[in-house]
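Chemist: Please find target32.cif (mmCIF, C-alpha atoms, pLDDT in the B column; chains and numbers go by the auth columns) on the next line:
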data_structure
loop_
_atom_site.group_PDB
_atom_site.id
_atom_site.type_symbol
_atom_site.label_atom_id
_atom_site.label_comp_id
_atom_site.label_asym_id
_atom_site.label_seq_id
_atom_site.Cartn_x
_atom_site.Cartn_y
_atom_site.Cartn_z
_atom_site.B_iso_or_equiv
_atom_site.auth_seq_id
_atom_site.auth_asym_id
ATOM 1 C CA MET A 1 0.000 0.000 0.000 49.00 1 A
ATOM 2 C CA ASN A 2 2.876 2.394 0.755 54.00 2 A
ATOM 3 C CA ILE A 3 4.290 1.867 -2.739 49.00 3 A
ATOM 4 C CA ILE A 4 0.889 2.539 -4.330 48.00 4 A
ATOM 5 C CA ARG A 5 0.425 5.720 -2.316 56.00 5 A
ATOM 6 C CA CYS A 6 3.893 6.982 -3.200 52.00 6 A
ATOM 7 C CA ALA A 7 3.305 6.209 -6.871 51.00 7 A
ATOM 8 C CA LEU A 8 -0.031 8.056 -6.861 51.00 8 A
ATOM 9 C CA VAL A 9 1.570 11.129 -5.283 55.00 9 A
ATOM 10 C CA VAL A 10 4.401 11.104 -7.825 52.00 10 A
ATOM 11 C CA PHE A 11 2.136 10.706 -10.856 51.00 11 A
ATOM 12 C CA SER A 12 -0.278 13.346 -9.556 56.00 12 A
ATOM 13 C CA CYS A 13 2.581 15.801 -9.208 55.00 13 A
ATOM 14 C CA LEU A 14 3.847 14.938 -12.685 51.00 14 A
ATOM 15 C CA GLY A 15 0.359 15.467 -14.100 53.00 15 A
ATOM 16 C CA ILE A 16 0.020 18.885 -12.479 52.00 16 A
ATOM 17 C CA MET A 17 3.471 19.918 -13.711 47.00 17 A
ATOM 18 C CA SER A 18 2.752 18.764 -17.259 48.00 18 A
ATOM 19 C CA LEU A 19 -0.106 21.282 -17.479 48.00 19 A
ATOM 20 C CA GLN A 20 2.349 24.136 -17.101 49.00 20 A
ATOM 21 C CA ALA A 21 4.095 25.898 -19.973 53.00 21 A
ATOM 22 C CA GLN A 22 7.657 25.737 -18.647 86.00 22 A
ATOM 23 C CA VAL A 23 8.053 22.024 -17.998 93.00 23 A
ATOM 24 C CA VAL A 24 10.898 19.714 -18.966 95.00 24 A
ATOM 25 C CA LEU A 25 10.215 15.951 -19.073 96.00 25 A
ATOM 26 C CA GLY A 26 12.663 13.157 -19.680 97.00 26 A
ATOM 27 C CA LEU A 27 14.100 9.729 -19.039 97.00 27 A
ATOM 28 C CA LYS A 28 17.579 8.526 -18.131 98.00 28 A
ATOM 29 C CA SER A 29 19.238 5.195 -17.521 98.00 29 A
ATOM 30 C CA GLY A 30 22.700 4.004 -16.621 98.00 30 A
ATOM 31 C CA ALA A 31 25.046 2.046 -14.398 98.00 31 A
ATOM 32 C CA THR A 32 25.576 2.339 -10.654 97.00 32 A
ATOM 33 C CA LYS A 33 28.477 1.592 -8.344 97.00 33 A
ATOM 34 C CA ALA A 34 27.044 1.030 -4.863 97.00 34 A
ATOM 35 C CA TRP A 35 28.589 0.368 -1.477 94.00 35 A
ATOM 36 C CA GLU A 36 27.957 1.040 2.217 93.00 36 A
ATOM 37 C CA ASP A 37 29.797 3.250 4.682 92.00 37 A
ATOM 38 C CA TYR A 38 30.745 0.910 7.518 86.00 38 A
ATOM 39 C CA GLY A 39 31.906 3.653 9.893 85.00 39 A
ATOM 40 C CA ASP A 40 34.841 2.602 12.084 81.00 40 A
ATOM 41 C CA VAL A 41 34.654 -1.039 11.006 76.00 41 A
ATOM 42 C CA ALA A 42 37.857 -2.002 9.182 71.00 42 A
ATOM 43 C CA THR A 43 37.516 -4.085 6.023 70.00 43 A
ATOM 44 C CA PRO A 44 39.991 -6.867 5.195 66.00 44 A
ATOM 45 C CA ASP A 45 43.010 -5.806 3.150 69.00 45 A
ATOM 46 C CA GLY A 46 42.151 -5.626 -0.531 68.00 46 A
ATOM 47 C CA ALA A 47 38.452 -6.226 0.093 71.00 47 A
ATOM 48 C CA ASN A 48 36.060 -5.160 -2.654 79.00 48 A
ATOM 49 C CA ILE A 49 33.067 -3.598 -0.909 85.00 49 A
ATOM 50 C CA HIS A 50 31.051 -2.341 -3.898 90.00 50 A
ATOM 51 C CA ILE A 51 28.577 -3.948 -6.281 93.00 51 A
ATOM 52 C CA ASN A 52 27.550 -2.863 -9.773 96.00 52 A
ATOM 53 C CA GLY A 53 23.918 -2.202 -10.628 96.00 53 A
ATOM 54 C CA PHE A 54 21.375 -0.466 -12.843 96.00 54 A
ATOM 55 C CA GLN A 55 19.333 2.719 -12.607 97.00 55 A
ATOM 56 C CA LEU A 56 16.268 3.995 -14.508 97.00 56 A
ATOM 57 C CA SER A 57 14.591 7.322 -13.752 97.00 57 A
ATOM 58 C CA ALA A 58 11.966 9.666 -15.112 97.00 58 A
ATOM 59 C CA MET A 59 12.675 13.397 -14.929 97.00 59 A
ATOM 60 C CA ALA A 60 10.139 16.194 -14.485 96.00 60 A
ATOM 61 C CA TYR A 61 11.332 19.766 -13.930 96.00 61 A
ATOM 62 C CA TYR A 62 9.645 23.143 -13.770 94.00 62 A
ATOM 63 C CA LYS A 63 11.698 26.088 -15.061 93.00 63 A
ATOM 64 C CA ILE A 64 11.441 28.924 -12.546 92.00 64 A
ATOM 65 C CA LYS A 65 13.973 30.762 -14.714 91.00 65 A
ATOM 66 C CA PRO A 66 15.621 29.590 -17.960 87.00 66 A
ATOM 67 C CA ASN A 67 18.726 28.517 -16.040 91.00 67 A
ATOM 68 C CA PHE A 68 17.151 27.460 -12.712 95.00 68 A
ATOM 69 C CA TRP A 69 14.834 24.453 -12.439 96.00 69 A
ATOM 70 C CA VAL A 70 13.112 22.501 -9.668 97.00 70 A
ATOM 71 C CA GLY A 71 11.589 19.053 -10.008 97.00 71 A
ATOM 72 C CA MET A 72 11.713 15.329 -9.306 97.00 72 A
ATOM 73 C CA GLU A 73 13.547 12.271 -10.623 97.00 73 A
ATOM 74 C CA PRO A 74 11.453 9.248 -9.519 97.00 74 A
ATOM 75 C CA GLY A 75 12.846 5.873 -10.505 97.00 75 A
ATOM 76 C CA TRP A 76 14.381 2.492 -9.799 97.00 76 A
ATOM 77 C CA VAL A 77 17.937 2.039 -8.534 97.00 77 A
ATOM 78 C CA GLU A 78 20.001 -0.964 -7.500 96.00 78 A
ATOM 79 C CA ARG A 79 22.108 -0.420 -4.377 96.00 79 A
ATOM 80 C CA GLY A 80 23.859 -2.703 -1.937 93.00 80 A
ATOM 81 C CA ALA A 81 27.315 -3.751 -0.800 91.00 81 A
ATOM 82 C CA ALA A 82 29.914 -6.476 -0.824 87.00 82 A
ATOM 83 C CA CYS A 83 31.982 -7.675 2.133 76.00 83 A
ATOM 84 C CA GLU A 84 28.915 -7.170 4.337 72.00 84 A
ATOM 85 C CA PRO A 85 29.627 -6.788 8.094 68.00 85 A
ATOM 86 C CA GLY A 86 27.409 -8.261 10.757 61.00 86 A
ATOM 87 C CA PHE A 87 26.542 -11.404 8.781 59.00 87 A
ATOM 88 C CA ILE A 88 28.191 -14.298 10.710 53.00 88 A
ATOM 89 C CA ILE A 89 31.706 -12.977 9.974 57.00 89 A
ATOM 90 C CA PHE A 90 33.084 -10.151 7.860 57.00 90 A
ATOM 91 C CA ASN A 91 32.993 -12.196 4.684 51.00 91 A
ATOM 92 C CA GLU A 92 34.193 -10.630 1.433 47.00 92 A
ATOM 93 C CA ASP A 93 32.159 -13.251 -0.455 67.00 93 A
ATOM 94 C CA THR A 94 28.858 -12.059 1.004 80.00 94 A
ATOM 95 C CA LYS A 95 26.985 -9.498 -1.108 86.00 95 A
ATOM 96 C CA LEU A 96 23.816 -7.540 -0.428 89.00 96 A
ATOM 97 C CA PHE A 97 21.577 -6.428 -3.326 93.00 97 A
ATOM 98 C CA LEU A 98 18.888 -3.835 -2.572 94.00 98 A
ATOM 99 C CA ASN A 99 16.386 -2.731 -5.223 96.00 99 A
ATOM 100 C CA TYR A 100 14.873 0.663 -4.390 97.00 100 A
ATOM 101 C CA LEU A 101 11.998 2.767 -5.649 97.00 101 A
ATOM 102 C CA GLU A 102 13.117 6.342 -5.012 97.00 102 A
ATOM 103 C CA VAL A 103 11.749 9.882 -5.350 97.00 103 A
ATOM 104 C CA PRO A 104 14.421 12.611 -5.169 97.00 104 A
ATOM 105 C CA VAL A 105 13.278 16.241 -5.149 97.00 105 A
ATOM 106 C CA MET A 106 15.908 18.315 -6.951 97.00 106 A
ATOM 107 C CA ALA A 107 16.990 21.858 -7.781 97.00 107 A
ATOM 108 C CA ALA A 108 19.189 22.425 -10.836 97.00 108 A
ATOM 109 C CA ALA A 109 21.156 25.397 -12.155 97.00 109 A
ATOM 110 C CA GLN A 110 22.729 25.402 -15.600 93.00 110 A
ATOM 111 C CA LEU A 111 25.397 27.402 -17.371 92.00 111 A
ATOM 112 C CA PRO A 112 25.478 27.737 -21.176 90.00 112 A
ATOM 113 C CA ILE A 113 28.908 26.788 -22.481 90.00 113 A
ATOM 114 C CA TYR A 114 28.531 27.080 -26.224 85.00 114 A
ATOM 115 C CA LYS A 115 25.921 28.969 -28.312 81.00 115 A
ATOM 116 C CA ARG A 116 23.033 27.993 -26.003 76.00 116 A
ATOM 117 C CA GLN A 117 23.346 24.419 -27.209 86.00 117 A
ATOM 118 C CA LEU A 118 25.896 22.945 -24.822 93.00 118 A
ATOM 119 C CA TYR A 119 25.110 23.297 -21.099 94.00 119 A
ATOM 120 C CA LEU A 120 26.751 22.335 -17.826 96.00 120 A
ATOM 121 C CA ARG A 121 24.078 21.623 -15.214 96.00 121 A
ATOM 122 C CA ALA A 122 24.625 21.233 -11.467 97.00 122 A
ATOM 123 C CA LYS A 123 21.902 19.823 -9.250 97.00 123 A
ATOM 124 C CA ALA A 124 21.276 18.873 -5.641 98.00 124 A
ATOM 125 C CA GLY A 125 18.368 17.627 -3.596 98.00 125 A
ATOM 126 C CA PHE A 126 16.911 15.268 -1.031 98.00 126 A
ATOM 127 C CA GLY A 127 14.987 12.053 -1.551 97.00 127 A
ATOM 128 C CA ALA A 128 13.364 9.039 0.053 97.00 128 A
ATOM 129 C CA ALA A 129 13.526 5.446 -1.168 97.00 129 A
ATOM 130 C CA TYR A 130 11.751 2.160 -0.403 96.00 130 A
ATOM 131 C CA ILE A 131 13.178 -1.334 -0.875 94.00 131 A
ATOM 132 C CA ALA A 132 11.020 -3.225 -3.362 93.00 132 A
ATOM 133 C CA SER A 133 13.129 -6.394 -3.103 91.00 133 A
ATOM 134 C CA ALA A 134 16.383 -7.505 -1.508 91.00 134 A
ATOM 135 C CA PHE A 135 18.773 -10.441 -1.927 89.00 135 A
ATOM 136 C CA ARG A 136 21.856 -11.754 -0.166 86.00 136 A
ATOM 137 C CA GLU A 137 24.439 -13.774 -2.067 84.00 137 A
ATOM 138 C CA ILE A 138 26.749 -16.045 -0.088 79.00 138 A
ATOM 139 C CA ARG A 139 29.672 -18.180 -1.186 72.00 139 A
ATOM 140 C CA ASP A 140 31.214 -20.570 1.326 66.00 140 A
ATOM 141 C CA LEU A 141 34.970 -19.964 1.351 59.00 141 A
ATOM 142 C CA ASN A 142 35.531 -23.706 1.692 62.00 142 A
ATOM 143 C CA ASN A 143 33.205 -24.609 -1.182 62.00 143 A
ATOM 144 C CA VAL A 144 33.780 -24.122 -4.903 57.00 144 A
ATOM 145 C CA GLU A 145 30.089 -24.545 -5.703 60.00 145 A
ATOM 146 C CA PRO A 146 28.210 -21.557 -7.225 56.00 146 A
ATOM 147 C CA THR A 147 27.040 -18.754 -4.987 66.00 147 A
ATOM 148 C CA THR A 148 23.669 -19.184 -3.301 70.00 148 A
ATOM 149 C CA ARG A 149 21.185 -16.307 -3.676 72.00 149 A
ATOM 150 C CA ASN A 150 18.573 -15.812 -0.951 78.00 150 A
ATOM 151 C CA ARG A 151 15.626 -13.441 -1.150 79.00 151 A
ATOM 152 C CA LEU A 152 15.251 -11.416 2.038 77.00 152 A
ATOM 153 C CA SER A 153 11.902 -11.170 3.794 72.00 153 A
ATOM 154 C CA PHE A 154 11.185 -8.102 5.911 73.00 154 A
ATOM 155 C CA GLU A 155 8.211 -9.502 7.792 69.00 155 A
ATOM 156 C CA GLY A 156 9.186 -10.031 11.415 61.00 156 A
ATOM 157 C CA GLU A 157 12.886 -9.720 10.712 57.00 157 A
ATOM 158 C CA GLY A 158 13.384 -6.289 12.237 55.00 158 A
ATOM 159 C CA ALA A 159 17.071 -6.039 11.308 66.00 159 A
ATOM 160 C CA MET A 160 16.777 -4.312 7.937 80.00 160 A
ATOM 161 C CA ASN A 161 15.445 -0.805 7.364 86.00 161 A
ATOM 162 C CA ARG A 162 13.143 -0.851 4.372 90.00 162 A
ATOM 163 C CA TRP A 163 13.108 2.959 4.041 93.00 163 A
ATOM 164 C CA ASP A 164 16.134 5.025 3.123 96.00 164 A
ATOM 165 C CA TYR A 165 16.628 8.753 2.656 97.00 165 A
ATOM 166 C CA GLY A 166 19.534 11.012 1.863 98.00 166 A
ATOM 167 C CA ILE A 167 21.226 13.710 -0.185 98.00 167 A
ATOM 168 C CA HIS A 168 21.575 13.689 -3.972 98.00 168 A
ATOM 169 C CA GLY A 169 24.038 15.753 -5.999 97.00 169 A
ATOM 170 C CA GLY A 170 25.380 15.683 -9.506 96.00 170 A
ATOM 171 C CA LEU A 171 26.563 17.257 -12.737 97.00 171 A
ATOM 172 C CA ALA A 172 25.237 16.849 -16.257 96.00 172 A
ATOM 173 C CA LEU A 173 26.561 17.823 -19.665 96.00 173 A
ATOM 174 C CA SER A 174 23.662 18.549 -22.016 95.00 174 A
ATOM 175 C CA TYR A 175 23.377 19.205 -25.738 95.00 175 A
ATOM 176 C CA ALA A 176 20.177 20.980 -26.834 90.00 176 A
ATOM 177 C CA VAL A 177 18.540 21.164 -30.271 89.00 177 A
ATOM 178 C CA GLY A 178 15.309 23.160 -30.098 87.00 178 A
ATOM 179 C CA LYS A 179 13.021 21.476 -27.590 90.00 179 A
ATOM 180 C CA HIS A 180 15.199 18.372 -27.303 94.00 180 A
ATOM 181 C CA GLU A 181 18.219 17.570 -25.156 95.00 181 A
ATOM 182 C CA ILE A 182 20.625 14.675 -24.927 96.00 182 A
ATOM 183 C CA LEU A 183 22.574 14.527 -21.688 95.00 183 A
ATOM 184 C CA LEU A 184 25.359 12.703 -19.908 97.00 184 A
ATOM 185 C CA ASP A 185 24.440 12.699 -16.242 97.00 185 A
ATOM 186 C CA GLY A 186 26.575 11.852 -13.192 97.00 186 A
ATOM 187 C CA ASN A 187 25.161 11.579 -9.650 97.00 187 A
ATOM 188 C CA TYR A 188 26.271 10.784 -6.119 98.00 188 A
ATOM 189 C CA TYR A 189 23.941 9.600 -3.343 98.00 189 A
ATOM 190 C CA TYR A 190 24.735 9.982 0.366 98.00 190 A
ATOM 191 C CA GLY A 191 22.364 7.897 2.475 97.00 191 A
ATOM 192 C CA LEU A 192 21.733 9.008 6.059 96.00 192 A
ATOM 193 C CA PRO A 193 20.182 6.036 7.968 94.00 193 A
ATOM 194 C CA ASP A 194 21.795 2.639 8.455 92.00 194 A
ATOM 195 C CA VAL A 195 20.479 -0.132 6.209 90.00 195 A
ATOM 196 C CA ASP A 196 21.125 -2.696 8.952 84.00 196 A
ATOM 197 C CA ALA A 197 19.834 -1.512 12.319 79.00 197 A
ATOM 198 C CA PHE A 198 22.633 -3.330 14.192 80.00 198 A
ATOM 199 C CA VAL A 199 25.724 -2.087 12.345 83.00 199 A
ATOM 200 C CA THR A 200 26.843 1.109 10.614 89.00 200 A
ATOM 201 C CA SER A 201 25.751 0.574 7.004 90.00 201 A
ATOM 202 C CA ARG A 202 24.827 3.756 5.138 95.00 202 A
ATOM 203 C CA ASN A 203 24.151 3.630 1.405 96.00 203 A
ATOM 204 C CA ARG A 204 26.559 5.308 -1.002 97.00 204 A
ATOM 205 C CA THR A 205 26.008 5.292 -4.778 97.00 205 A
ATOM 206 C CA LEU A 206 27.744 6.659 -7.860 97.00 206 A
ATOM 207 C CA ASN A 207 25.714 6.698 -11.074 96.00 207 A
ATOM 208 C CA ILE A 208 26.499 7.511 -14.708 97.00 208 A
ATOM 209 C CA SER A 209 23.495 7.801 -17.045 97.00 209 A
ATOM 210 C CA ILE A 210 22.549 8.814 -20.545 98.00 210 A
ATOM 211 C CA GLY A 211 19.245 10.648 -20.875 97.00 211 A
ATOM 212 C CA TYR A 212 16.793 12.506 -23.060 97.00 212 A
ATOM 213 C CA LEU A 213 14.776 15.631 -22.224 96.00 213 A
ATOM 214 C CA ILE A 214 11.999 17.467 -24.030 94.00 214 A
ATOM 215 C CA HIS A 215 10.900 21.023 -23.255 92.00 215 A
ATOM 216 C CA LEU A 216 7.159 21.563 -23.501 88.00 216 A
ATOM 217 C CA GLN A 217 8.004 25.089 -24.468 68.00 217 A
ATOM 218 C CA ALA A 218 11.182 25.764 -26.435 44.00 218 A
ATOM 219 C CA PRO A 219 13.998 27.327 -24.362 45.00 219 A
ATOM 220 C CA GLN A 220 14.219 31.111 -24.594 48.00 220 A
#
Mind turning the file's structure into structure tokens?

Modeler:
Amino acid sequence: MNIIRCALVVFSCLGIMSLQAQVVLGLKSGATKAWEDYGDVATPDGANIHINGFQLSAMAYYKIKPNFWVGMEPGWVERGAACEPGFIIFNEDTKLFLNYLEVPVMAAAQLPIYKRQLYLRAKAGFGAAYIASAFREIRDLNNVEPTTRNRLSFEGEGAMNRWDYGIHGGLALSYAVGKHEILLDGNYYYGLPDVDAFVTSRNRTLNISIGYLIHLQAPQ
């Protein structure tokens, strides 16, 4: 029910924004590098603590001024970590995969670089996310058999926070032709709560995406 309510709020906001004259809509997708901040916990030498994932987001912005926008980037993102602490032992062959539905609220400022076609855009904001599904992969160090993959259940477990929230920031390089834009978008996510309630485990994510935007009214 929480997912449905969040989705209804997002789509209602998008519908209201789309009725305005100065709206920019788009879609982006790319690769993520995700890990967790373990605080003072030391990882084994040479441990690889990140996992690679996928991200897909819609974009809806309202142009307060030609070079200053506010909006949302609701979407799907894969986060998680390798070398997960707190699971039996600190095992570099244990990986956590967390699939989030997220809704960041963003502000963006852009600077024209070349003939009002090439832009550098900086953005920052705050967002909440909800785990739609989660998996833990485990490989026994004494066993050469393939890794086992277990789906995590949140009912009655109490050790995993299903909600996450944090700070988003990024830069984009955009090329505009009339109402259309193609962009290369880079983002960093700084999660604030711990994923695991018993150990320091805050989400961190780097994302590189390629996207497309359309202006409902041509840029001035």

Chemist: Quick one: pull the distance between CA of Asp185 in chain A and CA of Ala134 in chain A, Å, one decimal.

Modeler: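 CA of Ala134 in chain A lies at a distance of 26.3 Å from CA of Asp185 in chain A.
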
Chemist: Given the file shown, enumerate the residues that the PyMOL selection byres ((chain A and resi 130) around 8) captures and present them as a ChimeraX atom specification.

Modeler: /A:3,100-102,128-129,131-132,162-164

Chemist: Starting from the point (15.8, -2.4, 8.2), work out which residues of protein, DNA or RNA have an atom no more than 8 Å away when counting all atoms listed in the file; state them as number ranges by chain.

Modeler: A: 154, 158-163, 194-197

Chemist: Provide the CA of Phe68 in chain A to CA of Tyr188 in chain A distance in Å, to one decimal place.

Modeler: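 Spanning CA of Phe68 in chain A to CA of Tyr188 in chain A is a straight-line distance of 20.1 Å.
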
Chemist: To one decimal place, how far is CA of Val177 in chain A from CA of Ala109 in chain A in Å?

Modeler: 18.8 Å

Chemist: Which residues match the PyMOL selection byres ((chain A and resi 74-86) around 6) in the file above, as a ChimeraX atom specification?

Modeler: /A:34-36,49-51,53-58,73,87,90-92,94-103

Chemist: Which residue is closest to Ile113 in chain A? Choose from A:Gly169, A:Tyr61, A:Ser174, A:Ile138 and count all atoms listed in the file.

Modeler: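 Closest to Ile113 in chain A of all the choices is A:Ser174.
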
Chemist: Pull out every residue that the PyMOL selection byres ((chain A and resi 120) around 6) matches in the shown coordinates and put them as JSON, numbers by chain.

Modeler: {"A": [110, 111, 119, 121, 172, 173]}

Chemist: When you count all atoms listed in the file, which of these residues is closest to Leu118 in chain A: A:Val105, A:Leu183, A:Leu152, A:Met72?

Modeler: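 Of A:Val105, A:Leu183, A:Leu152, A:Met72, the one nearest Leu118 in chain A, counting all atoms listed in the file, is A:Leu183.
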